[in-house]
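Asker: For reference, this is upload-v1.cif, and it has mmCIF, C-alpha atoms.
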data_data
loop_
_atom_site.label_atom_id
_atom_site.label_comp_id
_atom_site.auth_asym_id
_atom_site.auth_seq_id
_atom_site.Cartn_x
_atom_site.Cartn_y
_atom_site.Cartn_z
CA GLN A 1 -10.48 32.81 6.60
CA ARG A 2 -10.38 36.47 5.62
CA PHE A 3 -7.95 38.95 7.07
CA SER A 4 -7.46 42.70 6.64
CA PRO A 5 -7.52 44.11 3.08
CA ILE A 6 -4.34 43.76 1.06
CA THR A 7 -3.26 46.79 -0.95
CA ILE A 8 -2.80 45.78 -4.58
CA THR A 9 -0.85 47.99 -6.98
CA LEU A 10 -2.95 48.54 -10.11
CA SER A 11 -0.43 50.76 -11.88
CA ASN A 12 2.74 52.63 -11.05
CA THR A 13 0.79 55.53 -9.61
CA THR A 14 -2.53 54.23 -8.25
CA THR A 15 -3.54 51.62 -5.70
CA LYS A 16 -6.73 50.27 -4.25
CA SER A 17 -7.56 47.87 -1.46
CA VAL A 18 -9.24 44.54 -2.05
CA THR A 19 -10.09 41.80 0.41
CA THR A 20 -8.63 38.48 -0.58
CA SER A 21 -8.57 35.03 1.01
CA ILE A 22 -5.22 33.77 2.29
CA TYR A 23 -5.35 30.00 2.72
CA ASP A 24 -3.70 27.84 5.37
CA ALA A 25 -0.97 25.98 3.48
CA ARG A 26 -0.72 23.40 6.26
CA LYS A 27 -4.37 22.35 6.04
CA THR A 28 -5.36 23.03 2.44
CA LYS A 29 -6.44 20.14 0.24
CA ASP A 30 -4.94 21.95 -2.75
CA SER A 31 -1.95 20.28 -4.34
CA ILE A 32 1.02 22.43 -3.30
CA ASN A 33 4.57 21.50 -4.21
CA PHE A 34 7.74 23.40 -4.96
CA GLU A 35 7.99 22.30 -8.59
CA ASP A 36 4.48 23.45 -9.55
CA SER A 37 3.52 26.09 -6.96
CA GLY A 38 6.97 27.64 -6.63
CA PHE A 39 7.10 27.56 -2.84
CA THR A 40 7.43 25.13 0.04
CA LEU A 41 8.28 24.95 3.73
CA ILE A 42 11.36 22.96 4.73
CA ASP A 43 11.90 21.58 8.22
CA ILE A 44 15.46 22.14 9.43
CA SER A 45 14.97 20.89 12.99
CA GLU A 46 17.58 18.18 12.34
CA ASP A 47 20.07 21.00 11.87
CA ARG A 48 19.24 22.64 15.18
CA ALA A 49 22.89 22.68 16.25
CA THR A 50 23.79 24.74 13.17
CA ILE A 51 20.92 27.14 13.88
CA ASP A 52 21.93 27.55 17.51
CA ASN A 53 25.52 28.21 16.44
CA VAL A 54 24.46 31.45 14.70
CA THR A 55 25.02 34.16 17.30
CA ASP A 56 24.33 37.15 15.05
CA TRP A 57 21.47 36.84 12.56
CA ARG A 58 22.37 40.27 11.18
CA ALA A 59 25.74 38.96 9.98
CA GLN A 60 26.28 38.23 6.31
CA GLY A 61 27.39 34.92 4.88
CA SER A 62 29.55 36.54 2.21
CA GLU A 63 31.98 39.43 1.98
CA ASN A 64 30.69 42.98 1.51
CA PRO A 65 32.25 46.43 1.92
CA TRP A 66 30.97 46.83 5.48
CA GLN A 67 31.77 43.49 7.12
CA SER A 68 33.59 40.22 6.62
CA ALA A 69 31.74 36.98 6.06
CA ASP A 70 30.59 35.39 9.31
CA PRO A 71 31.66 31.71 9.46
CA ARG A 72 28.60 30.75 11.52
CA MET A 73 26.26 32.26 8.93
CA GLU A 74 28.29 30.59 6.17
CA SER A 75 27.80 27.25 7.92
CA PHE A 76 24.06 27.84 8.24
CA GLN A 77 23.77 28.78 4.58
CA ALA A 78 25.79 25.71 3.58
CA THR A 79 23.21 23.61 5.41
CA LEU A 80 20.44 25.38 3.52
CA GLU A 81 22.25 24.82 0.23
CA THR A 82 22.20 21.07 0.83
CA ARG A 83 18.42 21.22 1.34
CA LEU A 84 17.87 23.45 -1.69
CA LEU A 85 19.85 21.21 -4.03
CA LYS A 86 17.47 18.38 -3.15
CA LEU A 87 14.58 20.60 -4.30
CA LEU A 88 16.41 21.58 -7.49
CA PRO A 89 17.76 18.43 -9.17
CA ASN A 90 19.16 20.33 -12.17
CA ALA A 91 21.03 22.89 -10.09
CA THR A 92 24.82 22.75 -9.98
CA ARG A 93 25.21 25.07 -7.00
CA ILE A 94 23.59 27.78 -4.88
CA LYS A 95 25.13 31.17 -4.15
CA PHE A 96 23.68 33.31 -1.36
CA THR A 97 23.59 37.04 -1.94
CA SER A 98 22.47 39.16 1.01
CA ASN A 99 20.17 38.94 3.99
CA VAL A 100 18.24 41.39 6.13
CA ILE A 101 16.33 41.35 9.39
CA ARG A 102 12.72 42.55 9.23
CA GLY A 103 10.73 43.59 12.25
CA GLY A 104 13.76 44.16 14.47
CA ASN A 105 14.84 47.35 16.22
CA LYS A 106 18.56 47.50 15.44
CA PHE A 107 20.34 49.76 12.98
CA GLY A 108 19.94 48.35 9.47
CA ASP A 109 16.80 46.35 10.25
CA GLN A 110 13.85 46.93 7.97
CA PRO A 111 10.12 46.97 8.74
CA ALA A 112 7.80 44.19 7.70
CA ALA A 113 6.33 44.79 4.24
CA ILE A 114 2.67 44.66 5.26
CA ASP A 115 -0.33 44.52 2.89
CA GLY A 116 1.74 45.29 -0.20
CA PRO A 117 2.01 42.35 -2.64
CA HIS A 118 5.16 42.66 -4.75
CA LEU A 119 8.12 40.96 -6.33
CA ASP A 120 11.56 42.21 -5.33
CA TYR A 121 12.62 41.97 -8.98
CA THR A 122 10.65 42.33 -12.18
CA GLN A 123 10.42 39.26 -14.39
CA ASN A 124 10.98 41.51 -17.42
CA ASP A 125 14.68 41.14 -18.29
CA THR A 126 14.55 43.68 -21.14
CA ALA A 127 13.02 46.34 -18.88
CA ARG A 128 15.69 45.64 -16.25
CA GLU A 129 18.52 46.09 -18.75
CA GLU A 130 17.06 49.39 -19.97
CA PHE A 131 16.52 50.60 -16.39
CA HIS A 132 20.12 49.94 -15.41
CA LYS A 133 21.43 51.78 -18.46
CA GLU A 134 20.00 54.89 -16.82
CA TYR A 135 20.68 53.80 -13.23
CA PRO A 136 23.94 51.80 -13.16
CA VAL A 137 24.18 48.80 -10.87
CA ASN A 138 26.04 49.22 -7.59
CA GLU A 139 28.64 46.44 -7.60
CA ASN A 140 27.70 45.58 -4.01
CA VAL A 141 24.06 44.81 -4.90
CA LYS A 142 24.71 41.20 -5.76
CA GLU A 143 21.19 40.25 -6.82
CA GLN A 144 21.30 42.75 -9.68
CA LEU A 145 24.65 41.41 -10.85
CA ALA A 146 23.22 37.90 -10.86
CA LEU A 147 20.08 38.90 -12.78
CA LEU A 148 22.07 40.82 -15.40
CA GLY A 149 24.24 37.80 -16.16
CA GLU A 150 27.38 39.09 -14.47
CA TRP A 151 27.78 35.82 -12.55
CA ASP A 152 27.33 33.56 -15.58
CA THR A 153 30.36 31.61 -16.78
CA GLU A 154 31.11 29.58 -19.88
CA GLU A 155 29.69 26.52 -18.14
CA GLU A 156 27.00 27.87 -15.78
CA GLU A 157 24.26 30.47 -15.68
CA VAL A 158 21.89 31.86 -13.06
CA VAL A 159 18.43 30.44 -13.79
CA ALA A 160 16.53 31.53 -10.69
CA LEU A 161 16.65 33.72 -7.62
CA LEU A 162 15.06 32.25 -4.50
CA GLY A 163 13.75 33.94 -1.39
CA LEU A 164 14.25 32.24 1.98
CA TRP A 165 12.33 33.43 5.03
CA LYS A 166 12.32 32.28 8.64
CA PRO A 167 11.57 33.74 12.07
CA VAL A 168 14.48 34.54 14.38
CA LEU A 169 15.02 36.08 17.82
CA MET A 170 11.48 35.16 18.94
CA ASN A 171 10.07 33.30 21.95
CA ASN A 172 6.99 32.09 20.08
CA PRO A 173 6.06 31.00 16.56
CA VAL A 174 4.99 33.63 14.02
CA CYS A 175 1.38 34.75 14.32
CA ASP A 176 1.21 38.44 13.45
CA HIS A 177 2.78 39.54 10.15
CA PRO A 178 3.33 36.08 8.61
CA LEU A 179 4.50 35.91 5.02
CA ALA A 180 1.92 35.05 2.36
CA VAL A 181 2.90 33.89 -1.13
CA MET A 182 0.93 33.58 -4.34
CA ASP A 183 0.77 30.20 -6.05
CA ALA A 184 2.95 30.62 -9.16
CA ARG A 185 0.35 28.73 -11.22
CA THR A 186 -2.10 31.59 -10.66
CA PHE A 187 0.40 34.37 -11.46
CA LEU A 188 0.14 35.48 -15.08
CA ALA A 189 2.44 37.81 -17.01
CA GLU A 190 -0.25 40.50 -17.16
CA ASP A 191 -0.51 40.43 -13.34
CA SER A 192 2.70 42.41 -12.96
CA SER A 193 4.49 45.44 -14.35
CA PRO A 194 7.97 46.91 -13.70
CA TYR A 195 8.03 49.35 -10.79
CA PRO A 196 11.16 51.49 -10.19
CA ILE A 197 12.32 52.22 -6.67
CA HIS A 198 15.13 54.47 -5.44
CA ILE A 199 16.14 54.13 -1.76
CA ASN A 200 18.86 56.16 -0.06
CA PHE A 201 20.69 53.91 2.42
CA LEU A 202 23.15 56.74 3.21
CA VAL A 203 26.17 54.66 2.18
CA PHE A 204 24.67 54.11 -1.28
CA ILE A 205 21.44 54.64 -3.22
CA LEU A 206 19.60 51.50 -4.29
CA HIS A 207 18.07 51.68 -7.75
CA ASN A 208 15.96 48.64 -8.44
CA LEU A 209 13.16 47.57 -10.77
CA ASN A 210 10.60 45.75 -8.66
CA GLY A 211 7.48 43.98 -9.85
CA ALA A 212 4.18 45.70 -9.04
CA ILE A 213 1.29 43.24 -8.71
CA HIS A 214 -2.17 43.67 -10.22
CA HIS A 215 -5.10 41.88 -8.65
CA ARG A 216 -7.13 39.15 -10.33
CA PRO A 217 -9.76 37.11 -8.47
CA GLU A 218 -8.22 33.86 -9.76
CA GLN A 219 -4.98 34.42 -7.86
CA LYS A 220 -4.52 32.12 -4.85
CA TRP A 221 -2.58 33.07 -1.74
CA TYR A 222 -1.21 30.82 1.02
CA TYR A 223 0.67 31.13 4.30
CA TYR A 224 2.01 28.79 6.98
CA PRO A 225 0.44 29.62 10.37
CA PHE A 226 2.69 29.59 13.43
CA GLN A 227 5.92 29.14 11.51
CA THR A 228 8.77 28.28 13.88
CA GLU A 229 12.50 28.94 13.85
CA ASN A 230 12.95 25.35 12.65
CA GLU A 231 11.07 26.07 9.41
CA VAL A 232 12.24 27.96 6.32
CA LEU A 233 9.81 29.21 3.68
CA VAL A 234 11.40 28.93 0.22
CA PHE A 235 9.88 30.67 -2.79
CA HIS A 236 10.79 32.01 -6.24
CA GLN A 237 11.71 35.66 -6.62
CA TYR A 238 12.66 35.22 -10.29
CA SER A 239 12.98 32.56 -12.98
CA LYS A 240 14.93 33.00 -16.21
CA GLY A 241 13.17 32.48 -19.52
CA THR A 242 9.80 31.64 -18.02
CA HIS A 243 7.13 33.47 -16.04
CA PHE A 244 7.39 31.57 -12.76
CA ALA A 245 7.57 33.49 -9.48
CA ASN A 246 5.74 34.01 -6.18
CA PRO A 247 4.53 37.53 -5.39
CA HIS A 248 4.50 37.89 -1.63
CA THR A 249 3.51 40.12 1.27
CA SER A 250 3.07 39.97 5.01
CA PHE A 251 -0.29 40.83 6.52
CA ILE A 252 -1.93 41.68 9.83
CA ASN A 253 -3.44 38.65 11.53
CA PRO A 254 -6.15 39.77 13.99
CA ASN A 255 -6.44 36.31 15.56
CA CYS A 256 -3.21 36.07 17.55
CA PRO A 257 -3.10 34.89 21.18
CA GLU A 258 -2.68 37.67 23.72
CA GLY A 259 0.93 38.43 24.55
CA TYR A 260 2.40 36.95 21.38
CA GLU A 261 5.48 38.75 20.07
CA THR A 262 5.23 40.40 16.68
CA ARG A 263 7.27 38.67 14.03
CA ILE A 264 11.01 39.18 13.59
CA SER A 265 12.45 37.38 10.57
CA ILE A 266 15.52 36.95 8.44
CA GLU A 267 15.09 37.33 4.70
CA MET A 268 17.73 35.74 2.48
CA ARG A 269 18.17 35.45 -1.27
CA ALA A 270 19.99 32.77 -3.20
CA ALA A 271 20.99 32.48 -6.85
CA VAL A 272 20.46 29.10 -8.49
CA PHE A 273 23.01 27.95 -11.08
CA GLU A 274 22.55 25.31 -13.76
CA LYS A 275 24.70 24.13 -16.63
CA LYS A 276 24.42 26.68 -19.42
CA ARG A 277 21.69 25.82 -21.84
CA LYS A 278 22.70 25.27 -25.45
CA GLU A 279 21.38 27.86 -27.89
#
Could you write out this structure as structure tokens?
Answerer:
Amino acid sequence: QRFSPITITLSNTTTKSVTTSIYDARKTKDSINFEDSGFTLIDISEDRATIDNVTDWRAQGSENPWQSADPRMESFQATLETRLLKLLPNATRIKFTSNVIRGGNKFGDQPAAIDGPHLDYTQNDTAREEFHKEYPVNENVKEQLALLGEWDTEEEEVVALLGLWKPVLMNNPVCDHPLAVMDARTFLAEDSSPYPIHINFLVFILHNLNGAIHHRPEQKWYYYPFQTENEVLVFHQYSKGTHFANPHTSFINPNCPEGYETRISIEMRAAVFEKKRKE
């Protein structure tokens, strides 16, 4: 089924719109699995009590300069860590970084990123290091610290950064503005280029090197229709030493039932640690 055109970045300064097919990941006959495709949907309905215990989805699960860690969010993330470690047999631990609400109307919430395929972080480690020589990392932007090796120890290193996405604060499943992800097997190195962004959040300026996505007809996109609060979409934002990630975007679905609420979601990121690889 075809939806509205998705804007694809062709270079750092020009864009064009193309119409692409976004396939139903629940019904497709394609072989989709986390190890090969880079993404999956996990059912956390057995952990409903932990979900219901979270009273503030805008709270953080770790300390930051503006608020203390929320124990309810910490408990929820600990539940997610258990699920993630089952997906990642070589991982030694998971460390959550930050989370944000998209589609909400409170201070600090961000809009849904519609029709703009991207990666939150470039896969080009050399370009990232050069970028941050000019624009130093803010010590409170934990993802950048993780990607630059600041969290590595003598025994462990960060080998991946995951994105976790689920609806919250809604009375119905997600229909409008679902999240679509590209199958990592169809994402080639030449499909992306570093894209600098500079955002003033008033309390600090975020300097980050995103990944702009270039369209190729062979790319395959998927989404999970009517995702519920009991389901978490897990995908790769970054992988160390290999080109393995899932560009993503939300999109406008013109086929929603009348009266359905527009999506509100929580977006989390988690660093994956493994034993340090021998040189």
Asker: Within 7 Å of Ser192 in chain A, counting all atoms listed in the file, which residues qualify if same-chain residues fewer than 4 places away don't, as a list in words?
Answerer: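 Listed by chain and then number, they are Gly211, Ala212, Ile213 and His214 of chain A.
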Asker: Of the candidates A:His177, A:Lys29, A:Arg185, A:Arg83, which one gets nearest to Arg102 in chain A if we count all atoms listed in the file?
Answerer: A:His177
Asker: Would you mind telling me which residue in A:Leu169, A:Tyr222, A:Ala180, A:Val232 lies nearest to Ile252 in chain A when using all atoms listed in the file?
Answerer: A:Ala180
Asker: Could you list as a ChimeraX atom specification every residue that has an atom within 9 Å of (19.7, 31.0, -13.0), using the file's coordinates and counting all atoms listed in the file?
Answerer: /A:91,146-147,149,152,156-161,238-240,271-274
Asker: Write out, as a PDB file, keeping the file's coordinate frame, the residues just selected, with C-alpha atoms.
Answerer:
ATOM      1  CA  ALA A  91      21.030  22.890 -10.090  1.00  0.00           C
ATOM      2  CA  ALA A 146      23.220  37.900 -10.860  1.00  0.00           C
ATOM      3  CA  LEU A 147      20.080  38.900 -12.780  1.00  0.00           C
ATOM      4  CA  GLY A 149      24.240  37.800 -16.160  1.00  0.00           C
ATOM      5  CA  ASP A 152      27.330  33.560 -15.580  1.00  0.00           C
ATOM      6  CA  GLU A 156      27.000  27.870 -15.780  1.00  0.00           C
ATOM      7  CA  GLU A 157      24.260  30.470 -15.680  1.00  0.00           C
ATOM      8  CA  VAL A 158      21.890  31.860 -13.060  1.00  0.00           C
ATOM      9  CA  VAL A 159      18.430  30.440 -13.790  1.00  0.00           C
ATOM     10  CA  ALA A 160      16.530  31.530 -10.690  1.00  0.00           C
ATOM     11  CA  LEU A 161      16.650  33.720  -7.620  1.00  0.00           C
ATOM     12  CA  TYR A 238      12.660  35.220 -10.290  1.00  0.00           C
ATOM     13  CA  SER A 239      12.980  32.560 -12.980  1.00  0.00           C
ATOM     14  CA  LYS A 240      14.930  33.000 -16.210  1.00  0.00           C
ATOM     15  CA  ALA A 271      20.990  32.480  -6.850  1.00  0.00           C
ATOM     16  CA  VAL A 272      20.460  29.100  -8.490  1.00  0.00           C
ATOM     17  CA  PHE A 273      23.010  27.950 -11.080  1.00  0.00           C
ATOM     18  CA  GLU A 274      22.550  25.310 -13.760  1.00  0.00           C
TER      19      GLU A 274
END
Asker: Residues proximal to (23.8, 24.8, 17.3) were defined as those with any atom within 12 Å of that point in the file's coordinates, counting all atoms listed in the file. Which are they, as a ChimeraX atom specification?
Answerer: /A:44-55,72-73,75-76,79,230
Asker: Which residue out of A:Arg26, A:Lys276, A:Arg263, A:Lys16 has the minimum interatomic distance to Pro111 in chain A when all atoms listed in the file are used?
Answerer: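 Counting all atoms listed in the file, the residue closest to Pro111 in chain A is A:Arg263.
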Asker: So the first atom is CA of Asp36 in chain A and the second is CA of Ser250 in chain A; what is the distance between them in Å, to one decimal place?
Answerer: 22.1 Å
Asker: Between A:Trp57, A:Phe131, A:Phe187, A:Phe251, which has the minimum distance to Pro217 in chain A (counting all atoms listed in the file)?
Answerer: A:Phe187
Asker: Provide the CA of Asn255 in chain A to CA of Pro173 in chain A distance in Å, to one decimal place.
Answerer: 13.6 Å
Asker: Work out how far CA of Ile94 in chain A is from CA of Asn140 in chain A, in Å to one decimal.
Answerer: 18.3 Å
Asker: Can you spell out as a ChimeraX atom specification the set of residues that the PyMOL selection byres ((chain A and resi 257) around 12) selects in the structure I just provided?
Answerer: /A:172-176,226,253-256,258-262
Asker: Show me, as number ranges by chain, the residues that have an atom within 12 Å of Lys220 in chain A when counting all atoms listed in the file, minus same-chain residues fewer than 5 positions from it.
Answerer: A: 20-25, 28, 30, 32, 37, 180-188, 215, 246-248
Asker: Please write the residues picked by the PyMOL selection byres ((chain A and resi 127) around 12) on this file as number ranges by chain.
Answerer: A: 121-126, 128-134, 147-148, 193-196, 208-211
Asker: Could you spell out the hits of the PyMOL selection byres ((chain A and resi 42) around 12) on the shown file, as a ChimeraX atom specification?
Answerer: /A:33-34,39-41,43-47,79-84,86-87,164-166,224,227-235
Asker: Taking all atoms listed in the file into account, name the residue in A:Leu119, A:Met170, A:Ile197, A:Ala270 that is nearest to Phe244 in chain A.
Answerer: A:Leu119
Asker: Could you list, with a cut-off of 12 Å and counting only C-alpha atoms, the residues of range 129-193 of chain A near range 198-205 of chain A, each shown with its nearest atom pair and the distance in Å rounded to one decimal, rows sorted by chain and ascending number, as JSON lines?
Answerer:
{"residue": "A:Phe131", "atom": "CA", "partner": "A:His198", "partner_atom": "CA", "distance": 11.7}
{"residue": "A:Tyr135", "atom": "CA", "partner": "A:His198", "partner_atom": "CA", "distance": 9.6}
{"residue": "A:Pro136", "atom": "CA", "partner": "A:Ile205", "partner_atom": "CA", "distance": 10.6}
{"residue": "A:Val137", "atom": "CA", "partner": "A:Ile205", "partner_atom": "CA", "distance": 10.0}
{"residue": "A:Asn138", "atom": "CA", "partner": "A:Phe204", "partner_atom": "CA", "distance": 8.1}
{"residue": "A:Glu139", "atom": "CA", "partner": "A:Phe204", "partner_atom": "CA", "distance": 10.7}
{"residue": "A:Asn140", "atom": "CA", "partner": "A:Phe204", "partner_atom": "CA", "distance": 9.5}
{"residue": "A:Val141", "atom": "CA", "partner": "A:Phe204", "partner_atom": "CA", "distance": 10.0}
Asker: Please write the residues from the selection above to a file, keeping C-alpha atoms, as a PDB file, keeping the file's coordinate frame.
Answerer:
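Printed below is again02.pdb as written:
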ATOM      1  CA  PHE A 131      16.520  50.600 -16.390  1.00  0.00           C
ATOM      2  CA  TYR A 135      20.680  53.800 -13.230  1.00  0.00           C
ATOM      3  CA  PRO A 136      23.940  51.800 -13.160  1.00  0.00           C
ATOM      4  CA  VAL A 137      24.180  48.800 -10.870  1.00  0.00           C
ATOM      5  CA  ASN A 138      26.040  49.220  -7.590  1.00  0.00           C
ATOM      6  CA  GLU A 139      28.640  46.440  -7.600  1.00  0.00           C
ATOM      7  CA  ASN A 140      27.700  45.580  -4.010  1.00  0.00           C
ATOM      8  CA  VAL A 141      24.060  44.810  -4.900  1.00  0.00           C
TER       9      VAL A 141
END
Asker: Would you mind telling me which residue in A:Glu155, A:Asn105, A:Arg216, A:His243 lies nearest to Lys278 in chain A when using only C-alpha atoms?
Answerer: A:Glu155
Asker: Would you place a box with edges along x, y and z of the file around all atoms of range 191-206 of chain A listed there, add 3 Å to each of its six sides, and report the centre and edge lengths in Å to one decimal, as AutoDock Vina command-line options?
Answerer:
--center_x 12.8 --center_y 48.6 --center_z -5.6 --size_x 32.7 --size_y 22.3 --size_z 23.6
